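> My structure is stored as target25.cif, with mmCIF, C-alpha atoms.
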```
data_run
loop_
_atom_site.label_atom_id
_atom_site.label_comp_id
_atom_site.auth_asym_id
_atom_site.auth_seq_id
_atom_site.Cartn_x
_atom_site.Cartn_y
_atom_site.Cartn_z
CA MET A 1 7.00 8.14 -11.84
CA LYS A 2 6.44 11.92 -11.95
CA GLU A 3 5.31 11.59 -15.54
CA ASN A 4 2.77 8.94 -14.55
CA THR A 5 1.46 11.17 -11.78
CA THR A 6 1.05 14.05 -14.22
CA LYS A 7 -0.82 11.87 -16.70
CA ILE A 8 -3.17 10.57 -14.04
CA ARG A 9 -3.70 14.08 -12.69
CA GLU A 10 -4.62 15.40 -16.12
CA ALA A 11 -7.01 12.53 -16.75
CA LEU A 12 -8.67 12.87 -13.36
CA SER A 13 -8.89 16.68 -13.70
CA ALA A 14 -10.63 16.27 -17.06
CA ALA A 15 -13.07 13.80 -15.51
CA HIS A 16 -13.71 16.20 -12.64
CA ARG A 17 -14.30 19.19 -14.91
CA GLU A 18 -16.63 17.26 -17.16
CA LYS A 19 -18.99 16.26 -14.40
CA GLU A 20 -22.53 16.79 -15.58
CA THR A 21 -24.04 20.05 -14.34
CA VAL A 22 -27.34 19.69 -12.53
CA ARG A 23 -30.15 21.38 -14.46
CA THR A 24 -32.79 23.10 -12.42
CA GLY A 25 -36.30 23.93 -13.43
CA ALA A 26 -38.97 26.43 -12.47
CA LEU A 27 -40.16 24.09 -9.73
CA TRP A 28 -36.80 24.24 -7.99
CA GLU A 29 -36.81 28.06 -8.15
CA THR A 30 -40.35 28.16 -6.73
CA ARG A 31 -39.28 25.88 -3.88
CA VAL A 32 -36.25 28.06 -3.03
CA MET A 33 -38.32 31.26 -3.19
CA GLY A 34 -40.99 29.67 -0.98
CA HIS A 35 -38.30 28.91 1.58
CA ILE A 36 -36.90 32.45 1.28
CA GLN A 37 -40.32 34.01 1.87
CA SER A 38 -40.83 31.87 4.98
CA LEU A 39 -37.58 33.26 6.43
CA GLY A 40 -38.57 36.92 6.41
CA VAL A 41 -36.17 39.79 5.90
CA PRO A 42 -32.47 38.94 6.39
CA ALA A 43 -30.89 40.52 9.43
CA SER A 44 -29.07 43.73 8.62
CA PRO A 45 -25.47 43.89 9.83
CA ALA A 46 -26.37 46.44 12.50
CA ALA A 47 -29.00 44.20 14.04
CA THR A 48 -27.05 41.00 14.57
CA PHE A 49 -25.81 40.36 18.08
CA SER A 50 -22.32 39.37 16.99
CA ALA A 51 -22.02 42.56 14.95
CA LEU A 52 -23.15 44.68 17.89
CA PHE A 53 -20.84 42.81 20.25
CA GLY A 54 -17.91 43.18 17.88
CA ARG A 55 -18.53 46.85 17.36
CA PHE A 56 -18.80 47.68 21.07
CA VAL A 57 -15.88 45.51 22.11
CA TRP A 58 -13.61 47.26 19.64
CA ARG A 59 -14.98 50.68 20.48
CA PHE A 60 -14.24 50.23 24.17
CA ALA A 61 -10.98 48.33 23.79
CA PRO A 62 -8.75 51.48 23.62
CA VAL A 63 -10.60 53.03 26.56
CA ALA A 64 -10.14 49.84 28.59
CA CYS A 65 -6.43 49.74 27.73
CA ILE A 66 -5.91 53.37 28.76
CA LEU A 67 -7.81 52.74 31.99
CA ILE A 68 -5.70 49.67 32.83
CA ILE A 69 -2.46 51.56 32.18
CA ALA A 70 -3.63 54.56 34.25
CA LEU A 71 -4.64 52.34 37.19
CA THR A 72 -1.34 50.47 37.08
CA ILE A 73 0.66 53.70 37.06
CA GLY A 74 -1.54 55.07 39.84
CA LEU A 75 -1.04 52.01 42.05
CA VAL A 76 2.71 52.01 41.50
CA ASN A 77 2.95 55.72 42.39
CA LEU A 78 0.74 55.30 45.47
CA ASP A 79 3.11 52.65 46.73
CA TYR A 80 0.14 50.73 48.03
CA ALA A 81 1.08 47.80 50.24
CA PRO A 82 -1.91 45.83 51.58
CA GLU A 83 0.12 44.10 54.34
CA TYR A 84 1.26 47.46 55.64
CA GLU A 85 -2.29 48.82 55.62
CA ILE A 86 -3.61 45.83 57.60
CA THR A 87 -0.83 46.12 60.18
CA ALA A 88 -1.48 49.85 60.43
CA THR A 89 -5.16 49.16 61.13
CA PHE A 90 -4.21 46.81 63.94
CA MET A 91 -1.78 49.31 65.36
CA THR A 92 -4.43 52.00 65.63
CA ASP A 93 -6.83 49.49 67.15
CA PRO A 94 -7.89 49.74 70.85
CA ILE A 95 -6.01 46.49 71.42
CA GLU A 96 -2.85 48.16 70.15
CA SER A 97 -0.91 47.55 73.31
CA THR A 98 -1.83 43.86 73.32
CA VAL A 99 -0.58 43.40 69.79
CA GLU A 100 2.58 45.29 70.56
CA GLN A 101 3.08 43.16 73.63
CA LEU A 102 2.54 40.04 71.61
CA LEU A 103 5.03 41.19 68.99
CA GLU A 104 7.58 42.15 71.57
CA GLY A 105 6.97 39.10 73.66
CA MET B 1 -37.34 56.10 -29.16
CA ARG B 2 -38.24 53.99 -26.15
CA ASN B 3 -35.79 53.63 -23.31
CA THR B 4 -35.30 50.05 -22.15
CA PRO B 5 -34.99 49.84 -18.38
CA SER B 6 -31.47 48.82 -17.37
CA LYS B 7 -31.00 45.77 -15.22
CA PRO B 8 -30.56 46.62 -11.55
CA SER B 9 -27.11 45.93 -10.19
CA ASP B 10 -26.51 43.22 -7.58
CA ARG B 11 -25.99 45.90 -4.97
CA GLU B 12 -29.32 47.53 -5.75
CA ILE B 13 -31.15 44.19 -5.53
CA ILE B 14 -29.45 43.36 -2.23
CA GLN B 15 -30.43 46.74 -0.79
CA ARG B 16 -34.05 46.11 -1.80
CA ILE B 17 -33.97 42.70 -0.08
CA ILE B 18 -32.50 44.16 3.11
CA ASP B 19 -35.17 46.88 3.01
CA GLY B 20 -37.81 44.16 3.18
CA ASP B 21 -38.48 43.07 -0.41
CA ALA B 22 -37.70 39.34 -0.14
CA ASP B 23 -39.19 38.72 -3.61
CA ALA B 24 -36.29 40.63 -5.14
CA PHE B 25 -34.13 37.62 -4.31
CA ALA B 26 -35.76 35.87 -7.30
CA GLN B 27 -33.59 38.07 -9.54
CA ILE B 28 -30.45 36.94 -7.73
CA LEU B 29 -31.62 33.35 -8.05
CA THR B 30 -32.22 33.64 -11.80
CA ARG B 31 -28.96 35.49 -12.35
CA TYR B 32 -26.72 33.12 -10.43
CA LYS B 33 -28.38 29.71 -10.35
CA ASP B 34 -26.29 28.35 -13.24
CA HIS B 35 -23.10 29.61 -11.65
CA VAL B 36 -23.93 28.04 -8.27
CA MET B 37 -25.11 24.83 -9.93
CA GLY B 38 -21.82 24.65 -11.81
CA ILE B 39 -19.86 24.80 -8.55
CA VAL B 40 -22.12 22.43 -6.66
CA SER B 41 -22.23 19.86 -9.48
CA ARG B 42 -18.45 19.53 -9.42
CA HIS B 43 -18.30 18.92 -5.67
CA VAL B 44 -21.31 16.83 -4.64
CA PRO B 45 -23.05 13.78 -6.14
CA TYR B 46 -25.43 14.57 -9.00
CA ASP B 47 -28.56 13.52 -7.09
CA GLN B 48 -27.68 15.91 -4.23
CA GLY B 49 -26.96 18.93 -6.41
CA GLU B 50 -30.38 20.57 -6.20
CA GLU B 51 -30.55 20.19 -2.44
CA VAL B 52 -27.07 21.60 -1.83
CA ALA B 53 -27.66 24.51 -4.23
CA HIS B 54 -30.92 25.21 -2.40
CA ASP B 55 -29.03 25.33 0.91
CA ALA B 56 -26.36 27.57 -0.63
CA PHE B 57 -28.96 30.14 -1.73
CA ILE B 58 -30.67 30.04 1.66
CA ARG B 59 -27.33 30.65 3.35
CA ALA B 60 -26.59 33.47 0.96
CA TYR B 61 -29.96 35.07 1.68
CA GLN B 62 -29.48 34.81 5.43
CA SER B 63 -25.97 36.27 5.18
CA LEU B 64 -26.87 39.17 2.87
CA GLY B 65 -26.57 41.54 5.81
CA SER B 66 -22.89 40.69 6.11
CA PHE B 67 -22.21 41.28 2.40
CA ARG B 68 -20.09 44.38 1.99
CA GLY B 69 -21.04 46.41 -1.05
CA GLU B 70 -17.49 46.83 -2.28
CA ASP B 71 -17.00 43.04 -2.58
CA ASN B 72 -17.66 41.08 -5.75
CA PHE B 73 -21.04 39.44 -5.20
CA ARG B 74 -20.31 36.58 -7.61
CA HIS B 75 -17.16 35.69 -5.70
CA TRP B 76 -18.95 36.05 -2.36
CA LEU B 77 -21.69 33.69 -3.55
CA SER B 78 -19.11 31.22 -4.91
CA SER B 79 -17.51 31.13 -1.50
CA ILE B 80 -20.87 30.33 0.12
CA ALA B 81 -21.52 27.59 -2.46
CA VAL B 82 -18.09 26.00 -1.85
CA ARG B 83 -18.54 26.14 1.92
CA THR B 84 -21.99 24.57 1.62
CA CYS B 85 -20.44 21.71 -0.37
CA TYR B 86 -17.79 21.33 2.31
CA ASP B 87 -20.49 21.20 5.01
CA PHE B 88 -22.34 18.60 2.96
CA TRP B 89 -19.28 16.34 2.98
CA ARG B 90 -18.55 16.97 6.64
CA GLU B 91 -22.05 15.81 7.46
CA ARG B 92 -21.72 12.83 5.12
CA TYR B 93 -18.43 11.71 6.63
CA ARG B 94 -19.74 12.23 10.15
CA SER B 95 -22.76 10.02 9.50
CA LYS B 96 -20.53 7.60 7.55
CA GLU B 97 -22.71 7.85 4.46
CA VAL B 98 -19.82 7.99 2.02
CA PRO B 99 -20.01 4.88 -0.20
CA MET B 100 -16.79 2.87 -0.18
CA SER B 101 -16.63 1.15 -3.52
CA SER B 102 -13.71 -0.91 -4.74
CA LEU B 103 -11.78 -0.83 -7.97
CA THR B 104 -12.42 -3.44 -10.62
CA GLU B 105 -10.09 -4.78 -13.29
CA GLN B 106 -11.57 -2.26 -15.71
CA HIS B 107 -10.46 0.57 -13.47
CA GLN B 108 -6.96 -0.85 -13.22
CA GLN B 109 -6.95 -1.21 -16.98
CA TRP B 110 -7.94 2.40 -17.36
CA LEU B 111 -5.11 3.55 -15.11
CA GLU B 112 -2.63 1.45 -17.07
CA ASN B 113 -3.92 2.89 -20.34
CA VAL B 114 -3.46 6.40 -19.07
CA ILE B 115 0.10 5.72 -17.96
CA SER B 116 1.17 3.72 -21.00
CA ASP B 117 -0.18 6.28 -23.48
CA ARG B 118 2.98 7.84 -24.91
CA SER B 119 1.24 10.02 -27.42
CA ASP B 120 0.35 13.66 -26.81
CA ARG B 121 -3.30 13.01 -27.37
CA ALA B 122 -5.79 14.71 -25.14
CA PHE B 123 -7.05 12.52 -22.36
CA GLY B 124 -10.54 12.82 -23.76
CA ASP B 125 -9.47 10.19 -26.26
CA HIS B 126 -9.27 7.54 -23.62
CA GLY B 127 -12.96 7.19 -24.05
CA SER B 128 -13.89 5.70 -20.79
CA ARG B 129 -14.73 8.79 -18.76
CA LYS B 130 -17.00 6.71 -16.57
CA GLU B 131 -14.04 4.74 -15.26
CA ALA B 132 -12.14 7.95 -14.56
CA ARG B 133 -15.01 9.35 -12.54
CA GLU B 134 -15.43 6.12 -10.59
CA ILE B 135 -11.72 6.00 -9.78
CA LEU B 136 -11.90 9.61 -8.65
CA GLU B 137 -14.92 8.94 -6.44
CA TRP B 138 -13.25 5.84 -5.01
CA ALA B 139 -10.12 7.81 -4.09
CA LEU B 140 -11.98 10.88 -2.77
CA ALA B 141 -14.14 8.68 -0.53
CA LYS B 142 -10.98 7.62 1.28
CA LEU B 143 -10.02 11.19 2.16
CA SER B 144 -11.46 13.48 4.83
CA ALA B 145 -13.97 16.20 3.93
CA GLU B 146 -11.22 18.84 4.23
CA GLU B 147 -8.78 16.90 2.06
CA ARG B 148 -11.49 16.21 -0.51
CA MET B 149 -12.37 19.89 -0.91
CA VAL B 150 -8.76 21.05 -1.10
CA LEU B 151 -7.83 18.31 -3.55
CA GLU B 152 -10.75 19.16 -5.82
CA LEU B 153 -10.08 22.90 -5.76
CA VAL B 154 -6.29 22.92 -5.99
CA TYR B 155 -5.26 19.63 -7.59
CA LEU B 156 -8.20 19.03 -9.94
CA GLU B 157 -9.49 22.53 -10.72
CA GLY B 158 -6.09 24.21 -10.67
CA LEU B 159 -6.93 27.06 -8.29
CA THR B 160 -4.06 28.67 -6.43
CA VAL B 161 -3.68 28.03 -2.71
CA ARG B 162 -4.76 31.60 -2.06
CA GLU B 163 -7.89 31.32 -4.18
CA ALA B 164 -8.87 28.06 -2.49
CA ALA B 165 -8.22 29.59 0.93
CA GLU B 166 -10.49 32.54 0.11
CA LEU B 167 -13.28 30.28 -1.09
CA LEU B 168 -13.09 27.99 1.93
CA GLY B 169 -12.43 30.75 4.44
CA TRP B 170 -9.28 29.02 5.70
CA THR B 171 -5.73 30.27 6.07
CA THR B 172 -3.35 29.76 3.15
CA ALA B 173 -1.05 27.75 5.43
CA ASN B 174 -3.92 25.39 6.25
CA VAL B 175 -4.79 24.91 2.58
CA LYS B 176 -1.14 24.39 1.68
CA VAL B 177 -0.66 21.67 4.29
CA ARG B 178 -3.92 19.92 3.41
CA SER B 179 -3.21 20.16 -0.29
CA LEU B 180 0.16 18.49 0.10
CA ARG B 181 -1.22 15.82 2.41
CA SER B 182 -4.22 15.01 0.23
CA ARG B 183 -2.10 14.85 -2.93
CA ARG B 184 0.28 12.41 -1.28
CA LYS B 185 -2.65 10.33 -0.08
CA LEU B 186 -4.17 10.25 -3.56
CA GLU B 187 -0.90 9.23 -5.16
CA LYS B 188 -0.45 6.50 -2.57
CA LEU B 189 -4.00 5.28 -3.12
CA LEU B 190 -3.55 5.12 -6.87
CA SER B 191 -0.09 3.61 -6.74
CA GLY B 192 -1.66 0.46 -5.19
CA PRO B 193 -3.94 -0.46 -8.12
CA ILE B 194 -1.30 0.60 -10.65
CA GLY B 195 1.28 -1.63 -9.00
CA GLU B 196 -1.14 -4.57 -8.82
CA GLY B 197 -2.17 -4.05 -12.41
CA MET B 198 1.42 -3.93 -13.59
CA VAL B 199 2.27 -7.21 -11.87
CA GLN B 200 -0.56 -9.07 -13.58
#
```
Would you mind writing the structure in this file as structure tokens?


Amino acid sequence: MKENTTKIREALSAAHREKETVRTGALWETRVMGHIQSLGVPASPAATFSALFGRFVWRFAPVACILIIALTIGLVNLDYAPEYEITATFMTDPIESTVEQLLEG
Amino acid sequence: MRNTPSKPSDREIIQRIIDGDADAFAQILTRYKDHVMGIVSRHVPYDQGEEVAHDAFIRAYQSLGSFRGEDNFRHWLSSIAVRTCYDFWRERYRSKEVPMSSLTEQHQQWLENVISDRSDRAFGDHGSRKEAREILEWALAKLSAEERMVLELVYLEGLTVREAAELLGWTTANVKVRSLRSRRKLEKLLSGPIGEGMVQ
């Protein structure tokens, strides 16, 4: 079975390799060059949007990472608790006594 | 003694094109048209060869900005040609324009001849190359565009998985999986006619 497969593979590979190569003439070259000239100058790598985007994203990636780490450390060290801050605001409010009464009540 | 001007390198021509001299691309076209035609002719039908090669050169021109000078231009262009062929088949399969022929008794006979030949003769002696090509086209038409390209590059042309992956711009794992799958499919497809032929 494996031998048969090998034989067929060799025969098909030979048929594939021997496919006739398309011959092109001067007319084909003229047509391609006409198309090329209608396209203008190809975009240089610096000018393409994706290249610019890629370059800036990677340039700012380390800065963004450092910033995120610094903010996280800062927030952890500040011991910031939003619930506490809101309660504290209420406590210093003119209606402080009312809230206290409500809480006690 | 007169000095003959040396041919400009690919890199020099590319730089001229990027600097605004689009006509310099004619040198690239003349230098590489046979190479690109050779690739395209093996992967797409004969009557589509010119059109696909045209598209490949247009793509190459438009992508010249992304060509890195240290790369091999010939290899870079080959990759564009192979990917253009792949896109051709993707479009063909999507619009269901792939002809689905069927195998005749002559094709079955050819397969039997190939298998029963016990001599070490080259397969060129089997004579009927036309049948071989028709069988190949019949089998390839039953595969997907991805499987077709991988089968042609790895199974029929003998490229390594890595080489095929570089040309197609896929991962080696992807090429490996598709190569195995397409080979199994091909063997299954061909085992049908061989089996039928043997019974008769």

> Counting all atoms listed in the file, which residue out of B:Ile13, B:Ala132, B:Val161, B:Val44 sits closest to chain A?

B:Ala132

> Smallest atom-to-atom distance to Glu12 (chain B): which of B:Gly69, B:Leu29, B:Gln48, B:Glu105, using only C-alpha atoms?

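Going through B:Gly69, B:Leu29, B:Gln48, B:Glu105 one by one, the smallest distance to Glu12 (chain B) is for B:Gly69.
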
> So, counting all atoms listed in the file, which residue among B:Leu103, B:Ile17, B:Val150, B:Ala24 is closest to Glu166 (chain B)?

B:Val150

> Applied to the shown file, which residues does the PyMOL selection byres ((chain A) within 7 of (chain B)) return, written as a PyMOL selection string?

chain A and resi 4+7-8+11-13+15-17+19-22+32-33+36-37+41-45

> Mind pulling up the distance from CA of Ala61 (chain A) to CA of Asn77 (chain A)?

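Computing the Euclidean distance for CA of Asn77 (chain A) and CA of Ala61 (chain A) yields 24.4 Å.
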
> Give, as AutoDock Vina command-line options, the centre coordinates and the x, y and z edge lengths in Å to one decimal for an axis-aligned box around all listed atoms of region 158-167 of chain B, padded by 8 Å on each side.


```
--center_x -8.5 --center_y 28.4 --center_z -4.9 --size_x 25.6 --size_y 24.3 --size_z 27.6
```

> Residues within 12 Å of Arg148 (chain B), please, as number ranges by chain. Count all atoms listed in the file; anything in the same chain fewer than 3 positions from it doesn't count.

B: 42-44, 82, 85-90, 93, 98, 136-145, 151-156, 175, 178-183, 185-186

> Between CA of Trp76 (chain B) and CA of Trp58 (chain A), what distance in Å does the model show, to one decimal?

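Distance reported for this atom pair: 25.3 Å.
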
> Rounded to one decimal place, report the CA of Ala164 (chain B)-CA of Met149 (chain B) distance in Å.

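Taking CA of Ala164 (chain B) and CA of Met149 (chain B), their separation equals 9.0 Å.
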